[in-house]
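Text of target-v8.txt, listed as compact mmCIF, C-alpha atoms:
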```
# COMPACT_ATOMS: atom_id res chain seq x y z
CA MET A 22 162.01 293.30 10.72
CA VAL A 23 161.95 295.91 13.42
CA GLN A 24 162.79 295.26 17.06
CA VAL A 25 161.89 297.70 19.80
CA ASN A 26 163.51 297.32 23.21
CA LEU A 27 161.59 298.90 26.04
CA ARG A 28 163.64 299.89 29.05
CA GLY A 29 162.51 300.21 32.64
CA TRP A 30 160.42 297.05 32.87
CA ASP A 31 162.68 295.33 35.42
CA THR A 32 160.24 296.08 38.25
CA HIS A 33 161.72 294.17 41.19
CA GLN A 34 160.52 296.99 43.39
CA ASN A 35 158.18 299.92 42.94
CA ALA A 36 156.26 297.75 40.48
CA PHE A 37 152.82 299.18 41.12
CA ARG A 38 153.95 302.82 40.94
CA ASP A 39 156.02 302.31 37.79
CA LEU A 40 153.56 300.08 35.94
CA LYS A 41 150.48 302.19 36.66
CA GLY A 42 152.19 305.56 36.44
CA LYS A 43 154.29 305.28 33.28
CA LEU A 44 154.98 301.87 31.77
CA LEU A 45 151.51 300.50 31.03
CA PRO A 46 149.84 303.77 29.91
CA SER A 47 152.56 304.52 27.34
CA LEU A 48 152.63 300.92 26.10
CA ASP A 49 148.85 300.85 25.79
CA ARG A 50 148.76 304.07 23.76
CA CYS A 51 151.63 303.10 21.46
CA LEU A 52 150.75 299.45 20.85
CA SER A 53 146.99 299.93 20.43
CA GLY A 54 147.60 302.95 18.19
CA PHE A 55 150.05 300.97 16.05
CA ILE A 56 147.64 298.04 15.67
CA ASP A 57 144.71 300.37 14.89
CA ASP A 58 146.80 302.24 12.31
CA LEU A 59 147.89 299.03 10.57
CA GLU A 60 144.30 297.77 10.51
CA GLN A 61 142.94 301.07 9.11
CA ARG A 62 145.56 300.99 6.35
CA GLY A 63 144.82 297.35 5.50
CA LEU A 64 148.30 296.26 6.53
CA LEU A 65 147.64 294.24 9.69
CA ASP A 66 147.63 290.92 7.80
CA GLU A 67 151.02 291.84 6.32
CA VAL A 68 152.73 292.73 9.61
CA LEU A 69 153.40 290.30 12.45
CA ILE A 70 153.54 291.91 15.90
CA VAL A 71 155.07 289.92 18.75
CA MET A 72 155.48 291.43 22.18
CA CYS A 73 157.02 289.47 25.02
CA GLY A 74 159.79 289.63 27.53
CA GLU A 75 162.49 287.11 28.21
CA MET A 76 160.74 285.90 31.35
CA GLY A 77 157.71 286.31 33.52
CA ARG A 78 157.40 287.56 37.08
CA THR A 79 156.94 285.71 40.34
CA PRO A 80 153.33 284.88 41.15
CA ARG A 81 153.72 286.49 44.57
CA ILE A 82 154.57 290.08 45.42
CA SER A 83 157.99 290.48 47.04
CA PRO A 84 158.10 292.20 50.43
CA ILE A 85 159.76 295.56 50.99
CA THR A 86 163.54 295.12 51.26
CA ALA A 87 165.34 295.68 54.54
CA GLY A 88 165.59 299.39 55.26
CA GLY A 89 163.15 300.16 52.46
CA ARG A 90 165.52 302.57 50.60
CA ASN A 91 168.16 302.29 47.90
CA ALA A 92 171.56 304.04 47.89
CA SER A 93 170.04 307.28 46.57
CA GLY A 94 167.38 307.27 49.29
CA GLU A 95 164.45 306.20 47.10
CA VAL A 96 161.81 304.32 49.09
CA PHE A 97 161.17 300.82 47.76
CA THR A 98 157.70 299.39 47.60
CA PRO A 99 156.88 295.75 46.82
CA GLY A 100 157.57 294.24 43.40
CA ARG A 101 158.05 290.93 41.63
CA HIS A 102 161.22 289.06 40.70
CA HIS A 103 162.14 286.94 37.65
CA TRP A 104 160.09 283.81 36.98
CA GLY A 105 160.90 281.59 34.01
CA ASP A 106 158.06 279.06 34.30
CA VAL A 107 155.35 281.30 32.85
CA PHE A 108 155.57 284.42 30.73
CA PRO A 109 153.02 286.20 28.58
CA CYS A 110 153.38 287.08 24.91
CA LEU A 111 151.08 289.09 22.70
CA PHE A 112 150.69 288.29 19.00
CA ALA A 113 148.77 290.31 16.42
CA GLY A 114 148.45 290.42 12.63
CA GLY A 115 150.62 288.51 10.17
CA GLY A 116 148.79 285.18 10.16
CA ILE A 117 147.73 285.08 13.81
CA ARG A 118 144.14 284.18 14.70
CA PRO A 119 142.90 287.15 16.80
CA GLY A 120 140.96 287.26 20.06
CA GLN A 121 142.16 284.22 21.94
CA VAL A 122 144.21 283.12 24.92
CA VAL A 123 146.50 280.14 24.38
CA GLY A 124 147.72 278.26 27.46
CA ARG A 125 146.59 278.38 31.06
CA THR A 126 148.23 278.57 34.47
CA ASP A 127 147.30 277.68 38.01
CA ARG A 128 145.24 280.24 39.92
CA HIS A 129 148.42 282.03 41.06
CA GLY A 130 149.87 282.40 37.56
CA GLY A 131 152.90 280.43 38.68
CA GLU A 132 152.83 277.11 36.84
CA PRO A 133 151.36 276.02 33.50
CA THR A 134 148.31 273.75 33.73
CA THR A 135 148.14 273.07 29.99
CA PRO A 136 151.01 271.82 27.82
CA ALA A 137 153.73 274.46 27.92
CA TYR A 138 155.31 276.07 24.89
CA THR A 139 159.03 276.75 24.70
CA PRO A 140 161.10 279.66 23.39
CA ALA A 141 161.92 277.41 20.41
CA ASP A 142 158.17 277.08 19.73
CA LEU A 143 157.85 280.86 19.90
CA ALA A 144 160.66 281.21 17.36
CA ALA A 145 159.15 278.51 15.10
CA THR A 146 155.81 280.35 15.18
CA ILE A 147 157.44 283.63 14.14
CA PHE A 148 159.42 281.93 11.36
CA HIS A 149 156.27 280.17 10.13
CA CYS A 150 154.38 283.48 9.97
CA VAL A 151 157.13 285.13 7.93
CA GLY A 152 157.26 282.21 5.50
CA LEU A 153 160.20 280.14 6.75
CA GLY A 154 159.29 276.46 6.97
CA PRO A 155 160.29 274.04 9.72
CA ASP A 156 163.35 272.88 7.80
CA ALA A 157 164.64 276.34 6.86
CA GLU A 158 168.39 276.64 7.38
CA PHE A 159 171.12 279.22 7.25
CA ARG A 160 174.84 278.56 6.85
CA ASP A 161 177.66 279.93 8.95
CA ALA A 162 180.92 281.37 7.57
CA GLN A 163 182.31 277.83 7.16
CA GLY A 164 179.22 276.69 5.25
CA ARG A 165 177.80 274.53 8.05
CA PRO A 166 173.99 274.33 8.05
CA TYR A 167 171.89 275.35 11.06
CA ARG A 168 168.13 275.10 11.35
CA PHE A 169 166.40 278.37 12.18
CA SER A 170 164.44 276.69 14.95
CA GLN A 171 164.16 273.35 16.70
CA GLY A 172 160.63 274.20 17.86
CA THR A 173 157.15 273.59 16.51
CA PRO A 174 154.81 276.43 15.55
CA ILE A 175 152.08 277.06 18.14
CA GLN A 176 149.13 275.80 16.08
CA PRO A 177 146.28 277.41 18.09
CA LEU A 178 147.74 280.84 17.25
CA LEU A 179 147.78 280.33 13.52
CA ALA A 180 144.89 281.56 11.37
```
What would the structure in this file look like if it were written as structure tokens?
Amino acid sequence: MVQVNLRGWDTHQNAFRDLKGKLLPSLDRCLSGFIDDLEQRGLLDEVLIVMCGEMGRTPRISPITAGGRNASGEVFTPGRHHWGDVFPCLFAGGGIRPGQVVGRTDRHGGEPTTPAYTPADLAATIFHCVGLGPDAEFRDAQGRPYRFSQGTPIQPLLA
């Protein structure tokens, strides 16, 4: 397992400048290149790629803050704050059925309009794809059993 943490995505302000100017172009090049490389090498079915954040963003753009500048004098432009009701995830390879969108929101992207999935369901989906069944457990230092996940795999994602 490899985890990559991307910094700089907390775009409460200056969202449009930062997303368009540096965050999205570099992510697009790296992620699409990685997926293409795995596919060309015949490894995409062997590697599960999951990309998501810990939360979504407000469906509405936040106004410019009072004064419009931070302590170092940088001018703030509008952005979006944290929003836990909806957040996107991208899945590729490793047992995922490609080319689909699972789940829908209202026209503002603020509330789910189809049954919502939970972080536990996300974890259960990942564990399923790497071969850990719904009853898989680990034991702590005292030998007490804990289930890997209390969720249910997201069936529409699975190939």
I need the residue nearest A:Thr126 from this list: A:Asp106, A:Asp66, A:Asp156, A:Asp142. Use only C-alpha atoms for the distance.
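The answer is A:Asp106, which sits nearest to A:Thr126.
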Considering only C-alpha atoms, state which residue in the set A:Gly74, A:Gly116, A:Gly100, A:Pro109 is at the smallest distance from A:Thr146.
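Closest to A:Thr146, using only C-alpha atoms: A:Gly116.
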Identify, on the basis of only C-alpha atoms, every residue whose closest approach to A:Met76 does not exceed 12 Å; exclude the query and any residue fewer than 3 positions from it along the same chain; express the result as an mmCIF file with C-alpha atoms, keeping the file's coordinate frame.
```
data_model
loop_
_atom_site.group_PDB
_atom_site.id
_atom_site.type_symbol
_atom_site.label_atom_id
_atom_site.label_comp_id
_atom_site.auth_asym_id
_atom_site.auth_seq_id
_atom_site.Cartn_x
_atom_site.Cartn_y
_atom_site.Cartn_z
ATOM 1 C CA TRP A 30 160.420 297.050 32.870
ATOM 2 C CA ASP A 31 162.680 295.330 35.420
ATOM 3 C CA MET A 72 155.480 291.430 22.180
ATOM 4 C CA CYS A 73 157.020 289.470 25.020
ATOM 5 C CA THR A 79 156.940 285.710 40.340
ATOM 6 C CA ARG A 101 158.050 290.930 41.630
ATOM 7 C CA HIS A 102 161.220 289.060 40.700
ATOM 8 C CA HIS A 103 162.140 286.940 37.650
ATOM 9 C CA TRP A 104 160.090 283.810 36.980
ATOM 10 C CA GLY A 105 160.900 281.590 34.010
ATOM 11 C CA ASP A 106 158.060 279.060 34.300
ATOM 12 C CA VAL A 107 155.350 281.300 32.850
ATOM 13 C CA PHE A 108 155.570 284.420 30.730
ATOM 14 C CA PRO A 109 153.020 286.200 28.580
ATOM 15 C CA CYS A 110 153.380 287.080 24.910
ATOM 16 C CA THR A 139 159.030 276.750 24.700
ATOM 17 C CA PRO A 140 161.100 279.660 23.390
#
```
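Interatomic distance, atom CA of A:Pro46 to atom CA of A:Asp58: 17.9 Å.
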For A:Ala113, which residue out of A:Ala141, A:Ala157, A:Glu75, A:Glu60 is the nearest one, using all atoms listed in the file?
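For A:Ala113, the nearest of the candidates is A:Glu60.
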Residue contacts of stretch 48-57 of chain A (9 Å, only C-alpha atoms) excluding same-chain residues fewer than 6 positions away, as a CSV table (one decimal) with C-alpha atoms, in the coordinates of the input:
```
chain,number,residue,atom,x,y,z
A,65,LEU,CA,147.6,294.2,9.7
A,70,ILE,CA,153.5,291.9,15.9
A,113,ALA,CA,148.8,290.3,16.4
A,114,GLY,CA,148.4,290.4,12.6
```
Would you kindly return, as a list in words, each protein, DNA or RNA residue with an atom no farther than 10 Å from any atom of A:Val151, considering all atoms listed in the file and excluding same-chain residues fewer than 2 positions away?
Met22, Glu67, Val68, Leu69, Gly115, Gly116, Ala145, Thr146, Ile147, Phe148, His149, Leu153 and Gly154 of chain A
Could you work out how far atom CA of A:Ser47 lies from atom CA of A:Gly131, giving the answer in Å with one decimal?
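Computed distance, atom CA of A:Gly131 to atom CA of A:Ser47, equals 26.6 Å.
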Could you tell me how far atom CA of A:Ser170 lies from atom CA of A:Leu111, in Å and to one decimal?
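Going from atom CA of A:Ser170 over to atom CA of A:Leu111 covers 19.8 Å.
Of the residues listed (A:Thr32, A:Gln24, A:Thr134, A:Gln163), A:Thr32 shows the shortest atom-to-atom separation from A:Gly77; distances use only C-alpha atoms.
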Mind listing whatever residues come within 10 Å of the point (150.8, 284.8, 46.3)? Use all atoms listed in the file, file coordinates, and give them as a VMD selection string.
chain A and resid 79 to 83 128 to 131
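Taking all atoms listed in the file into account, A:Gly120 lies nearest to A:Leu178 out of the set A:Leu178, A:Val23, A:Ala36, A:Leu59.
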Working from the structure I just supplied, which lacks atoms in stretch 100-111 of chain A, can you model all heavy atoms there and output them as a PDB file, in the coordinates of the input?
```pdb
ATOM      1  N   GLY A 100     157.477 294.528  44.829  1.00  0.00           N
ATOM      2  CA  GLY A 100     157.570 294.240  43.400  1.00  0.00           C
ATOM      3  C   GLY A 100     157.575 292.739  43.172  1.00  0.00           C
ATOM      4  O   GLY A 100     157.221 291.961  44.055  1.00  0.00           O
ATOM      5  N   ARG A 101     158.007 292.339  41.985  1.00  0.00           N
ATOM      6  CA  ARG A 101     158.050 290.930  41.630  1.00  0.00           C
ATOM      7  C   ARG A 101     159.377 290.627  40.953  1.00  0.00           C
ATOM      8  O   ARG A 101     159.878 291.427  40.168  1.00  0.00           O
ATOM      9  CB  ARG A 101     156.881 290.595  40.698  1.00  0.00           C
ATOM     10  CG  ARG A 101     155.538 290.764  41.405  1.00  0.00           C
ATOM     11  CD  ARG A 101     154.373 290.766  40.452  1.00  0.00           C
ATOM     12  NE  ARG A 101     154.242 289.492  39.776  1.00  0.00           N
ATOM     13  CZ  ARG A 101     153.513 289.322  38.690  1.00  0.00           C
ATOM     14  NH1 ARG A 101     152.855 290.334  38.168  1.00  0.00           N
ATOM     15  NH2 ARG A 101     153.426 288.154  38.118  1.00  0.00           N
ATOM     16  N   HIS A 102     159.924 289.445  41.252  1.00  0.00           N
ATOM     17  CA  HIS A 102     161.220 289.060  40.700  1.00  0.00           C
ATOM     18  C   HIS A 102     161.054 288.175  39.458  1.00  0.00           C
ATOM     19  O   HIS A 102     159.947 287.885  39.030  1.00  0.00           O
ATOM     20  CB  HIS A 102     162.058 288.374  41.771  1.00  0.00           C
ATOM     21  CG  HIS A 102     162.396 289.312  42.897  1.00  0.00           C
ATOM     22  ND1 HIS A 102     163.183 290.422  42.728  1.00  0.00           N
ATOM     23  CD2 HIS A 102     162.006 289.317  44.190  1.00  0.00           C
ATOM     24  CE1 HIS A 102     163.284 291.071  43.877  1.00  0.00           C
ATOM     25  NE2 HIS A 102     162.572 290.430  44.773  1.00  0.00           N
ATOM     26  N   HIS A 103     162.161 287.746  38.872  1.00  0.00           N
ATOM     27  CA  HIS A 103     162.140 286.940  37.650  1.00  0.00           C
ATOM     28  C   HIS A 103     161.492 285.580  37.909  1.00  0.00           C
ATOM     29  O   HIS A 103     161.652 284.996  38.979  1.00  0.00           O
ATOM     30  CB  HIS A 103     163.554 286.722  37.141  1.00  0.00           C
ATOM     31  CG  HIS A 103     164.238 287.987  36.754  1.00  0.00           C
ATOM     32  ND1 HIS A 103     165.566 288.043  36.462  1.00  0.00           N
ATOM     33  CD2 HIS A 103     163.780 289.259  36.600  1.00  0.00           C
ATOM     34  CE1 HIS A 103     165.916 289.272  36.141  1.00  0.00           C
ATOM     35  NE2 HIS A 103     164.843 290.031  36.227  1.00  0.00           N
ATOM     36  N   TRP A 104     160.792 285.080  36.885  1.00  0.00           N
ATOM     37  CA  TRP A 104     160.090 283.810  36.980  1.00  0.00           C
ATOM     38  C   TRP A 104     160.042 283.213  35.581  1.00  0.00           C
ATOM     39  O   TRP A 104     159.330 283.702  34.711  1.00  0.00           O
ATOM     40  CB  TRP A 104     158.679 284.040  37.512  1.00  0.00           C
ATOM     41  CG  TRP A 104     157.931 282.803  37.856  1.00  0.00           C
ATOM     42  CD1 TRP A 104     156.939 282.218  37.113  1.00  0.00           C
ATOM     43  CD2 TRP A 104     158.072 282.004  39.017  1.00  0.00           C
ATOM     44  NE1 TRP A 104     156.465 281.109  37.743  1.00  0.00           N
ATOM     45  CE2 TRP A 104     157.153 280.954  38.932  1.00  0.00           C
ATOM     46  CE3 TRP A 104     158.910 282.067  40.130  1.00  0.00           C
ATOM     47  CZ2 TRP A 104     157.031 279.977  39.901  1.00  0.00           C
ATOM     48  CZ3 TRP A 104     158.787 281.106  41.099  1.00  0.00           C
ATOM     49  CH2 TRP A 104     157.862 280.076  40.986  1.00  0.00           C
ATOM     50  N   GLY A 105     160.790 282.155  35.349  1.00  0.00           N
ATOM     51  CA  GLY A 105     160.900 281.590  34.010  1.00  0.00           C
ATOM     52  C   GLY A 105     159.828 280.580  33.642  1.00  0.00           C
ATOM     53  O   GLY A 105     159.723 280.188  32.485  1.00  0.00           O
ATOM     54  N   ASP A 106     159.018 280.130  34.596  1.00  0.00           N
ATOM     55  CA  ASP A 106     158.060 279.060  34.300  1.00  0.00           C
ATOM     56  C   ASP A 106     156.874 279.511  33.468  1.00  0.00           C
ATOM     57  O   ASP A 106     156.274 278.714  32.753  1.00  0.00           O
ATOM     58  CB  ASP A 106     157.551 278.430  35.604  1.00  0.00           C
ATOM     59  CG  ASP A 106     158.644 277.666  36.328  1.00  0.00           C
ATOM     60  OD1 ASP A 106     159.738 277.486  35.754  1.00  0.00           O
ATOM     61  OD2 ASP A 106     158.411 277.243  37.466  1.00  0.00           O
ATOM     62  N   VAL A 107     156.493 280.769  33.577  1.00  0.00           N
ATOM     63  CA  VAL A 107     155.350 281.300  32.850  1.00  0.00           C
ATOM     64  C   VAL A 107     155.698 282.726  32.419  1.00  0.00           C
ATOM     65  O   VAL A 107     156.185 283.506  33.222  1.00  0.00           O
ATOM     66  CB  VAL A 107     154.080 281.340  33.738  1.00  0.00           C
ATOM     67  CG1 VAL A 107     152.926 281.997  33.005  1.00  0.00           C
ATOM     68  CG2 VAL A 107     153.702 279.944  34.204  1.00  0.00           C
ATOM     69  N   PHE A 108     155.445 283.029  31.141  1.00  0.00           N
ATOM     70  CA  PHE A 108     155.570 284.420  30.730  1.00  0.00           C
ATOM     71  C   PHE A 108     154.612 284.703  29.591  1.00  0.00           C
ATOM     72  O   PHE A 108     154.380 283.855  28.745  1.00  0.00           O
ATOM     73  CB  PHE A 108     157.009 284.801  30.359  1.00  0.00           C
ATOM     74  CG  PHE A 108     157.597 284.089  29.177  1.00  0.00           C
ATOM     75  CD1 PHE A 108     157.529 284.638  27.903  1.00  0.00           C
ATOM     76  CD2 PHE A 108     158.246 282.879  29.339  1.00  0.00           C
ATOM     77  CE1 PHE A 108     158.080 283.995  26.827  1.00  0.00           C
ATOM     78  CE2 PHE A 108     158.809 282.224  28.271  1.00  0.00           C
ATOM     79  CZ  PHE A 108     158.730 282.785  26.999  1.00  0.00           C
ATOM     80  N   PRO A 109     154.019 285.880  29.606  1.00  0.00           N
ATOM     81  CA  PRO A 109     153.020 286.200  28.580  1.00  0.00           C
ATOM     82  C   PRO A 109     153.669 286.735  27.310  1.00  0.00           C
ATOM     83  O   PRO A 109     154.732 287.349  27.342  1.00  0.00           O
ATOM     84  CB  PRO A 109     152.187 287.296  29.246  1.00  0.00           C
ATOM     85  CG  PRO A 109     153.161 287.979  30.150  1.00  0.00           C
ATOM     86  CD  PRO A 109     154.100 286.904  30.631  1.00  0.00           C
ATOM     87  N   CYS A 110     153.024 286.483  26.202  1.00  0.00           N
ATOM     88  CA  CYS A 110     153.380 287.080  24.910  1.00  0.00           C
ATOM     89  C   CYS A 110     152.101 287.536  24.239  1.00  0.00           C
ATOM     90  O   CYS A 110     151.057 286.916  24.414  1.00  0.00           O
ATOM     91  CB  CYS A 110     154.075 286.075  23.999  1.00  0.00           C
ATOM     92  SG  CYS A 110     155.729 285.621  24.501  1.00  0.00           S
ATOM     93  N   LEU A 111     152.209 288.581  23.480  1.00  0.00           N
ATOM     94  CA  LEU A 111     151.080 289.090  22.700  1.00  0.00           C
ATOM     95  C   LEU A 111     151.449 288.947  21.232  1.00  0.00           C
ATOM     96  O   LEU A 111     152.558 289.293  20.829  1.00  0.00           O
ATOM     97  CB  LEU A 111     150.835 290.552  23.041  1.00  0.00           C
ATOM     98  CG  LEU A 111     149.775 291.252  22.216  1.00  0.00           C
ATOM     99  CD1 LEU A 111     148.939 292.150  23.105  1.00  0.00           C
ATOM    100  CD2 LEU A 111     150.363 292.022  21.059  1.00  0.00           C
TER     101      LEU A 111
END
```
